[in-house]
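One file, protein.pdb, carrying PDB, C-alpha atoms:
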ATOM      1  CA  MET A 207       0.000   0.000   0.000
ATOM      2  CA  ILE A 208       1.518   3.289  -1.132
ATOM      3  CA  VAL A 209       1.193   6.244   1.241
ATOM      4  CA  THR A 210      -0.126   9.296  -0.612
ATOM      5  CA  TYR A 211       0.190  13.015   0.010
ATOM      6  CA  PRO A 212      -0.691  14.716   2.430
ATOM      7  CA  ASN A 213       0.115  11.860   4.848
ATOM      8  CA  PRO A 214       2.401  13.397   7.536
ATOM      9  CA  ILE A 215       4.992  10.578   7.255
ATOM     10  CA  LEU A 216       5.990  12.065   3.872
ATOM     11  CA  SER A 217       7.076  15.300   5.609
ATOM     12  CA  LYS A 218       9.091  13.593   8.336
ATOM     13  CA  ILE A 219      12.854  12.981   8.324
ATOM     14  CA  ALA A 220      13.382   9.196   8.217
ATOM     15  CA  GLU A 221      15.287   7.448  10.996
ATOM     16  CA  LYS A 222      18.756   6.058  10.286
ATOM     17  CA  ILE A 223      18.908   2.263  10.132
ATOM     18  CA  THR A 224      21.255   0.863  12.786
ATOM     19  CA  ASN A 225      21.052  -2.835  11.830
ATOM     20  CA  PRO A 226      20.908  -3.035   8.019
ATOM     21  CA  THR A 227      21.087  -6.844   7.929
ATOM     22  CA  SER A 228      18.231  -7.481  10.371
ATOM     23  CA  PRO A 229      15.313  -9.703   9.283
ATOM     24  CA  GLU A 230      12.999  -6.674   9.578
ATOM     25  CA  ILE A 231      15.048  -4.691   7.060
ATOM     26  CA  LYS A 232      15.321  -7.696   4.718
ATOM     27  CA  ASN A 233      11.509  -8.031   4.850
ATOM     28  CA  LEU A 234      11.075  -4.306   4.272
ATOM     29  CA  ILE A 235      13.340  -4.455   1.196
ATOM     30  CA  SER A 236      11.264  -7.361  -0.187
ATOM     31  CA  GLU A 237       8.034  -5.471   0.471
ATOM     32  CA  MET A 238       9.403  -2.350  -1.234
ATOM     33  CA  LEU A 239      10.589  -4.337  -4.282
ATOM     34  CA  GLU A 240       7.112  -5.869  -4.539
ATOM     35  CA  SER A 241       5.454  -2.424  -4.352
ATOM     36  CA  LEU A 242       7.865  -0.970  -6.896
ATOM     37  CA  LYS A 243       7.086  -3.751  -9.386
ATOM     38  CA  LYS A 244       3.337  -3.677  -8.694
ATOM     39  CA  HIS A 245       3.120   0.076  -9.313
ATOM     40  CA  ASN A 246       5.661   0.062 -12.163
ATOM     41  CA  GLY A 247       7.783   2.681 -10.406
ATOM     42  CA  LEU A 248      11.351   3.815 -10.934
ATOM     43  CA  GLY A 249      12.067   4.321  -7.242
ATOM     44  CA  ILE A 250      10.502   4.017  -3.818
ATOM     45  CA  ALA A 251      11.443   5.171  -0.324
ATOM     46  CA  ALA A 252      10.443   3.430   2.918
ATOM     47  CA  PRO A 253       8.220   6.361   4.064
ATOM     48  CA  GLN A 254       6.104   5.753   0.948
ATOM     49  CA  ILE A 255       5.025   2.422   2.393
ATOM     50  CA  GLY A 256       4.543   3.821   5.894
ATOM     51  CA  GLN A 257       7.997   3.116   7.377
ATOM     52  CA  SER A 258       9.973   6.165   8.504
ATOM     53  CA  LEU A 259      13.347   4.523   7.870
ATOM     54  CA  SER A 260      16.279   5.699   5.737
ATOM     55  CA  LEU A 261      15.955   3.171   2.928
ATOM     56  CA  CYS A 262      15.204   3.586  -0.765
ATOM     57  CA  LEU A 263      15.278   1.459  -3.913
ATOM     58  CA  ILE A 264      15.752   2.465  -7.522
ATOM     59  CA  ARG A 265      15.227   0.168 -10.517
ATOM     60  CA  LEU A 266      16.662   1.426 -13.771
ATOM     61  CA  ASP A 267      18.050  -0.307 -16.872
ATOM     62  CA  GLY A 268      17.576  -3.765 -15.347
ATOM     63  CA  LYS A 269      19.580  -2.904 -12.226
ATOM     64  CA  THR A 270      18.187  -2.479  -8.715
ATOM     65  CA  HIS A 271      19.997  -0.118  -6.337
ATOM     66  CA  ILE A 272      19.265  -0.685  -2.640
ATOM     67  CA  LEU A 273      20.383   2.299  -0.580
ATOM     68  CA  ILE A 274      20.413   2.213   3.218
ATOM     69  CA  ASN A 275      21.119   5.534   4.975
ATOM     70  CA  PRO A 276      22.035   7.223   1.667
ATOM     71  CA  LYS A 277      23.678  10.615   1.525
ATOM     72  CA  ILE A 278      24.545  12.749  -1.490
ATOM     73  CA  THR A 279      28.236  13.584  -1.154
ATOM     74  CA  LYS A 280      28.872  15.357  -4.451
ATOM     75  CA  LYS A 281      26.674  17.340  -6.866
ATOM     76  CA  SER A 282      27.396  18.764 -10.283
ATOM     77  CA  TRP A 283      27.241  22.484 -10.711
ATOM     78  CA  ARG A 284      24.973  22.026 -13.728
ATOM     79  CA  LYS A 285      21.273  21.514 -13.097
ATOM     80  CA  VAL A 286      18.537  20.426 -15.486
ATOM     81  CA  VAL A 287      14.756  20.682 -15.405
ATOM     82  CA  GLY A 288      12.719  17.530 -15.941
ATOM     83  CA  GLU A 289       9.190  16.278 -15.376
ATOM     84  CA  GLU A 290       8.875  14.112 -12.277
ATOM     85  CA  GLY A 291       6.114  11.879 -11.099
ATOM     86  CA  CYS A 292       5.815  10.162  -7.737
ATOM     87  CA  LEU A 293       3.959   7.109  -6.466
ATOM     88  CA  SER A 294       2.746   9.252  -3.541
ATOM     89  CA  PHE A 295       1.248  11.813  -5.968
ATOM     90  CA  PRO A 296      -0.641   9.531  -8.391
ATOM     91  CA  GLY A 297      -1.203  11.007 -11.845
ATOM     92  CA  ILE A 298       0.685  14.233 -11.109
ATOM     93  CA  PHE A 299       3.823  15.301 -13.004
ATOM     94  CA  VAL A 300       5.684  18.504 -12.176
ATOM     95  CA  PRO A 301       8.825  20.243 -13.483
ATOM     96  CA  VAL A 302      11.722  19.926 -11.018
ATOM     97  CA  LYS A 303      15.266  21.306 -11.303
ATOM     98  CA  ARG A 304      17.895  18.762 -10.225
ATOM     99  CA  HIS A 305      21.658  18.343 -10.375
ATOM    100  CA  LEU A 306      22.717  16.588 -13.597
ATOM    101  CA  LYS A 307      25.230  14.371 -11.743
ATOM    102  CA  VAL A 308      25.456  13.212  -8.134
ATOM    103  CA  THR A 309      27.579  10.865  -6.048
ATOM    104  CA  VAL A 310      25.832   8.926  -3.290
ATOM    105  CA  LYS A 311      27.294   7.042  -0.345
ATOM    106  CA  ALA A 312      25.132   4.441   1.380
ATOM    107  CA  LEU A 313      25.076   0.899   2.726
ATOM    108  CA  ASP A 314      23.913  -1.994   0.563
ATOM    109  CA  GLU A 315      21.590  -4.791   1.741
ATOM    110  CA  LYS A 316      24.609  -6.628   3.222
ATOM    111  CA  GLY A 317      25.494  -3.573   5.325
ATOM    112  CA  SER A 318      28.598  -2.837   3.224
ATOM    113  CA  PRO A 319      29.491   0.762   2.308
ATOM    114  CA  ILE A 320      28.884   1.633  -1.347
ATOM    115  CA  LYS A 321      29.535   4.700  -3.471
ATOM    116  CA  LEU A 322      27.441   5.256  -6.594
ATOM    117  CA  LYS A 323      27.639   7.885  -9.285
ATOM    118  CA  GLY A 324      24.550   8.803 -11.230
ATOM    119  CA  GLU A 325      23.930  10.999 -14.230
ATOM    120  CA  GLY A 326      20.699  12.029 -15.927
ATOM    121  CA  LEU A 327      17.693   9.922 -14.914
ATOM    122  CA  LEU A 328      19.627   7.919 -12.315
ATOM    123  CA  ALA A 329      20.904  11.125 -10.671
ATOM    124  CA  ARG A 330      17.339  12.500 -10.700
ATOM    125  CA  ALA A 331      16.024   9.289  -9.092
ATOM    126  CA  PHE A 332      18.728   9.363  -6.388
ATOM    127  CA  GLN A 333      17.836  12.973  -5.540
ATOM    128  CA  HIS A 334      14.071  12.310  -5.595
ATOM    129  CA  GLU A 335      14.240   9.272  -3.293
ATOM    130  CA  ILE A 336      16.746  10.853  -0.888
ATOM    131  CA  ASP A 337      14.409  13.873  -0.718
ATOM    132  CA  HIS A 338      11.709  11.469   0.531
ATOM    133  CA  LEU A 339      14.054  10.366   3.324
ATOM    134  CA  ASN A 340      14.528  14.021   4.270
ATOM    135  CA  GLY A 341      10.789  14.711   4.338
ATOM    136  CA  ILE A 342      10.807  16.687   1.063
ATOM    137  CA  THR A 343       8.223  16.016  -1.677
ATOM    138  CA  ILE A 344       8.038  17.006  -5.359
ATOM    139  CA  GLU A 345       5.316  19.450  -4.328
ATOM    140  CA  GLU A 346       7.996  21.439  -2.470
ATOM    141  CA  ARG A 347      10.567  21.072  -5.280
ATOM    142  CA  LYS A 348       8.366  21.940  -8.255
ATOM    143  CA  LEU A 349       9.258  25.025 -10.244
ATOM    144  CA  LYS A 350       6.794  27.787  -9.635
TER     145      LYS A 350
END
Rewritten as structure tokens:
Amino acid sequence: MIVTYPNPILSKIAEKITNPTSPEIKNLISEMLESLKKHNGLGIAAPQIGQSLSLCLIRLDGKTHILINPKITKKSWRKVVGEEGCLSFPGIFVPVKRHLKVTVKALDEKGSPIKLKGEGLLARAFQHEIDHLNGITIEERKLK
């Protein structure tokens, strides 16, 4: 079940995960993957399924990125505007300005540190999902 706006969990900063390999987190990852597939989404953050935890998933080009406690550590100077949709805002697409390239540090599902670089759509997805973990929605990011 996807949480939709204006549910207050979407405006809350998600809690850091202290035990990334726990059975609860493994189950949550499975549940999120299921929701992502069911709703044909590009990405999903734990708050979108009612869990205020710092976890997000992105599926792009046949690859699934599982990010636990992700943090953007580097951003390109150049920004681009693109239309964004969100599972928590069904049927709504808004123009959002995002960094063209980002570097993200996180833990993977095994609890190991990872560093990912994204450009274009992947960079946009990283920024969108990490916004969810910081309590920021596309409604707040849309160009006015």
Answer key for the PyMOL selection byres ((chain A and resi 288-291) around 9), residues as a ChimeraX atom specification: /A:286-287,292-304,330,334,344,348
Hits of the PyMOL selection byres ((chain A and resi 240) around 12) in this structure, as a PyMOL selection string: chain A and resi 207-208+233-239+241-247+249-250+255+263+265
Residue among A:Thr270, A:Ser318, A:Gln254, A:Ser282 lying closest to Lys218 in chain A, counting all atoms listed in the file: A:Gln254
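Ranking A:Val310, A:Glu325, A:Phe332, A:Ile231 by their shortest atom-to-atom distance to Thr279 in chain A, with only C-alpha atoms included, puts A:Val310 first.
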Which residues fall under the PyMOL selection byres ((chain A and resi 253) around 8) in this file, as a short mmCIF file (atom, residue, chain, number, x, y, z; two decimals) with C-alpha atoms, keeping the file's coordinate frame?
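Result file result-v7.cif:
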data_model
loop_
_atom_site.label_atom_id
_atom_site.label_comp_id
_atom_site.auth_asym_id
_atom_site.auth_seq_id
_atom_site.Cartn_x
_atom_site.Cartn_y
_atom_site.Cartn_z
CA VAL A 209 1.19 6.24 1.24
CA ILE A 215 4.99 10.58 7.26
CA LEU A 216 5.99 12.06 3.87
CA ALA A 220 13.38 9.20 8.22
CA ALA A 251 11.44 5.17 -0.32
CA ALA A 252 10.44 3.43 2.92
CA GLN A 254 6.10 5.75 0.95
CA ILE A 255 5.03 2.42 2.39
CA GLY A 256 4.54 3.82 5.89
CA GLN A 257 8.00 3.12 7.38
CA SER A 258 9.97 6.16 8.50
CA LEU A 259 13.35 4.52 7.87
CA HIS A 338 11.71 11.47 0.53
CA LEU A 339 14.05 10.37 3.32
#
Distance of CA of Lys277 in chain A from CA of Thr210 in chain A, expressed in Å to one decimal place: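 We find that CA of Thr210 in chain A and CA of Lys277 in chain A lie 23.9 Å from each other.
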Å distance separating CA of Leu328 in chain A from CA of Leu266 in chain A, one decimal place: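 Here the two named atoms are 7.3 Å from each other.
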Please report, as lines of an AutoDock Vina configuration file, the centre and edge lengths in Å to one decimal of an axis-aligned box covering all listed atoms of range 333-338 of chain A with 4 Å per side.
center_x = 14.8
center_y = 11.6
center_z = -2.5
size_x = 14.1
size_y = 12.6
size_z = 14.1
Residue neighbourhood Lys307 in chain A, 8 Å, only C-alpha atoms, exclusion window fewer than 3 positions, as a compact mmCIF listing (two decimals) with C-alpha atoms, keeping the file's coordinate frame:
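Result went into out_17.txt, see below:
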# COMPACT_ATOMS: atom_id res chain seq x y z
CA LYS A 281 26.67 17.34 -6.87
CA SER A 282 27.40 18.76 -10.28
CA ARG A 284 24.97 22.03 -13.73
CA LYS A 323 27.64 7.88 -9.28
CA GLY A 324 24.55 8.80 -11.23
CA GLU A 325 23.93 11.00 -14.23
CA GLY A 326 20.70 12.03 -15.93
CA ALA A 329 20.90 11.12 -10.67
Between CA of Pro276 in chain A and CA of Ile336 in chain A, distance in Å (one decimal):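 Calculated distance between CA of Pro276 in chain A and CA of Ile336 in chain A is 6.9 Å.
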Filled-in N, CA and C atoms of range 233-264 of chain A, supplied as a PDB file, keeping the file's coordinate frame:
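Below is the file result_11.pdb, written as the result:
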ATOM      1  N   ASN A 233      12.937  -7.952   5.193  1.00  0.00           N
ATOM      2  CA  ASN A 233      11.509  -8.031   4.850  1.00  0.00           C
ATOM      3  C   ASN A 233      11.016  -6.724   4.235  1.00  0.00           C
ATOM      4  N   LEU A 234      11.476  -5.612   4.793  1.00  0.00           N
ATOM      5  CA  LEU A 234      11.075  -4.306   4.272  1.00  0.00           C
ATOM      6  C   LEU A 234      11.571  -4.131   2.830  1.00  0.00           C
ATOM      7  N   ILE A 235      12.799  -4.540   2.555  1.00  0.00           N
ATOM      8  CA  ILE A 235      13.340  -4.455   1.196  1.00  0.00           C
ATOM      9  C   ILE A 235      12.477  -5.290   0.242  1.00  0.00           C
ATOM     10  N   SER A 236      12.121  -6.493   0.648  1.00  0.00           N
ATOM     11  CA  SER A 236      11.264  -7.361  -0.187  1.00  0.00           C
ATOM     12  C   SER A 236       9.918  -6.706  -0.453  1.00  0.00           C
ATOM     13  N   GLU A 237       9.334  -6.136   0.595  1.00  0.00           N
ATOM     14  CA  GLU A 237       8.034  -5.471   0.471  1.00  0.00           C
ATOM     15  C   GLU A 237       8.126  -4.263  -0.485  1.00  0.00           C
ATOM     16  N   MET A 238       9.218  -3.518  -0.369  1.00  0.00           N
ATOM     17  CA  MET A 238       9.403  -2.350  -1.234  1.00  0.00           C
ATOM     18  C   MET A 238       9.616  -2.765  -2.689  1.00  0.00           C
ATOM     19  N   LEU A 239      10.386  -3.836  -2.913  1.00  0.00           N
ATOM     20  CA  LEU A 239      10.589  -4.337  -4.282  1.00  0.00           C
ATOM     21  C   LEU A 239       9.257  -4.751  -4.896  1.00  0.00           C
ATOM     22  N   GLU A 240       8.441  -5.434  -4.096  1.00  0.00           N
ATOM     23  CA  GLU A 240       7.112  -5.869  -4.539  1.00  0.00           C
ATOM     24  C   GLU A 240       6.250  -4.662  -4.926  1.00  0.00           C
ATOM     25  N   SER A 241       6.242  -3.632  -4.078  1.00  0.00           N
ATOM     26  CA  SER A 241       5.454  -2.424  -4.352  1.00  0.00           C
ATOM     27  C   SER A 241       5.952  -1.704  -5.594  1.00  0.00           C
ATOM     28  N   LEU A 242       7.268  -1.647  -5.743  1.00  0.00           N
ATOM     29  CA  LEU A 242       7.865  -0.970  -6.896  1.00  0.00           C
ATOM     30  C   LEU A 242       7.436  -1.658  -8.195  1.00  0.00           C
ATOM     31  N   LYS A 243       7.497  -2.991  -8.206  1.00  0.00           N
ATOM     32  CA  LYS A 243       7.086  -3.751  -9.386  1.00  0.00           C
ATOM     33  C   LYS A 243       5.586  -3.595  -9.636  1.00  0.00           C
ATOM     34  N   LYS A 244       4.794  -3.742  -8.577  1.00  0.00           N
ATOM     35  CA  LYS A 244       3.337  -3.677  -8.694  1.00  0.00           C
ATOM     36  C   LYS A 244       2.872  -2.344  -9.284  1.00  0.00           C
ATOM     37  N   HIS A 245       3.526  -1.263  -8.874  1.00  0.00           N
ATOM     38  CA  HIS A 245       3.120   0.076  -9.313  1.00  0.00           C
ATOM     39  C   HIS A 245       3.950   0.591 -10.480  1.00  0.00           C
ATOM     40  N   ASN A 246       4.833  -0.273 -11.007  1.00  0.00           N
ATOM     41  CA  ASN A 246       5.661   0.062 -12.163  1.00  0.00           C
ATOM     42  C   ASN A 246       6.443   1.365 -11.943  1.00  0.00           C
ATOM     43  N   GLY A 247       7.047   1.469 -10.749  1.00  0.00           N
ATOM     44  CA  GLY A 247       7.783   2.681 -10.406  1.00  0.00           C
ATOM     45  C   GLY A 247       9.260   2.578 -10.732  1.00  0.00           C
ATOM     46  N   LEU A 248       9.911   3.715 -10.718  1.00  0.00           N
ATOM     47  CA  LEU A 248      11.351   3.815 -10.934  1.00  0.00           C
ATOM     48  C   LEU A 248      12.074   3.733  -9.583  1.00  0.00           C
ATOM     49  N   GLY A 249      11.461   4.322  -8.567  1.00  0.00           N
ATOM     50  CA  GLY A 249      12.067   4.321  -7.242  1.00  0.00           C
ATOM     51  C   GLY A 249      11.000   4.365  -6.166  1.00  0.00           C
ATOM     52  N   ILE A 250      11.413   3.985  -4.962  1.00  0.00           N
ATOM     53  CA  ILE A 250      10.502   4.017  -3.818  1.00  0.00           C
ATOM     54  C   ILE A 250      11.336   4.198  -2.550  1.00  0.00           C
ATOM     55  N   ALA A 251      10.793   4.947  -1.618  1.00  0.00           N
ATOM     56  CA  ALA A 251      11.443   5.171  -0.324  1.00  0.00           C
ATOM     57  C   ALA A 251      10.561   4.569   0.771  1.00  0.00           C
ATOM     58  N   ALA A 252      11.181   4.090   1.838  1.00  0.00           N
ATOM     59  CA  ALA A 252      10.443   3.430   2.918  1.00  0.00           C
ATOM     60  C   ALA A 252       9.256   4.261   3.444  1.00  0.00           C
ATOM     61  N   PRO A 253       9.387   5.602   3.587  1.00  0.00           N
ATOM     62  CA  PRO A 253       8.220   6.361   4.064  1.00  0.00           C
ATOM     63  C   PRO A 253       6.990   6.210   3.154  1.00  0.00           C
ATOM     64  N   GLN A 254       7.220   5.901   1.880  1.00  0.00           N
ATOM     65  CA  GLN A 254       6.104   5.753   0.948  1.00  0.00           C
ATOM     66  C   GLN A 254       5.288   4.491   1.198  1.00  0.00           C
ATOM     67  N   ILE A 255       5.832   3.578   2.002  1.00  0.00           N
ATOM     68  CA  ILE A 255       5.025   2.422   2.393  1.00  0.00           C
ATOM     69  C   ILE A 255       4.800   2.434   3.914  1.00  0.00           C
ATOM     70  N   GLY A 256       4.902   3.635   4.489  1.00  0.00           N
ATOM     71  CA  GLY A 256       4.543   3.821   5.894  1.00  0.00           C
ATOM     72  C   GLY A 256       5.630   3.531   6.905  1.00  0.00           C
ATOM     73  N   GLN A 257       6.880   3.387   6.458  1.00  0.00           N
ATOM     74  CA  GLN A 257       7.997   3.116   7.377  1.00  0.00           C
ATOM     75  C   GLN A 257       8.964   4.291   7.353  1.00  0.00           C
ATOM     76  N   SER A 258       9.085   5.003   8.463  1.00  0.00           N
ATOM     77  CA  SER A 258       9.973   6.165   8.504  1.00  0.00           C
ATOM     78  C   SER A 258      11.411   5.723   8.774  1.00  0.00           C
ATOM     79  N   LEU A 259      11.979   5.024   7.782  1.00  0.00           N
ATOM     80  CA  LEU A 259      13.347   4.523   7.870  1.00  0.00           C
ATOM     81  C   LEU A 259      14.130   4.969   6.639  1.00  0.00           C
ATOM     82  N   SER A 260      15.429   5.175   6.807  1.00  0.00           N
ATOM     83  CA  SER A 260      16.279   5.699   5.737  1.00  0.00           C
ATOM     84  C   SER A 260      16.702   4.579   4.776  1.00  0.00           C
ATOM     85  N   LEU A 261      15.766   4.247   3.892  1.00  0.00           N
ATOM     86  CA  LEU A 261      15.955   3.171   2.928  1.00  0.00           C
ATOM     87  C   LEU A 261      15.206   3.517   1.648  1.00  0.00           C
ATOM     88  N   CYS A 262      15.882   3.383   0.514  1.00  0.00           N
ATOM     89  CA  CYS A 262      15.204   3.586  -0.765  1.00  0.00           C
ATOM     90  C   CYS A 262      15.744   2.611  -1.798  1.00  0.00           C
ATOM     91  N   LEU A 263      14.928   2.365  -2.824  1.00  0.00           N
ATOM     92  CA  LEU A 263      15.278   1.459  -3.913  1.00  0.00           C
ATOM     93  C   LEU A 263      15.049   2.169  -5.227  1.00  0.00           C
ATOM     94  N   ILE A 264      15.912   1.908  -6.179  1.00  0.00           N
ATOM     95  CA  ILE A 264      15.752   2.465  -7.522  1.00  0.00           C
ATOM     96  C   ILE A 264      16.008   1.333  -8.512  1.00  0.00           C
TER      97      ILE A 264
END
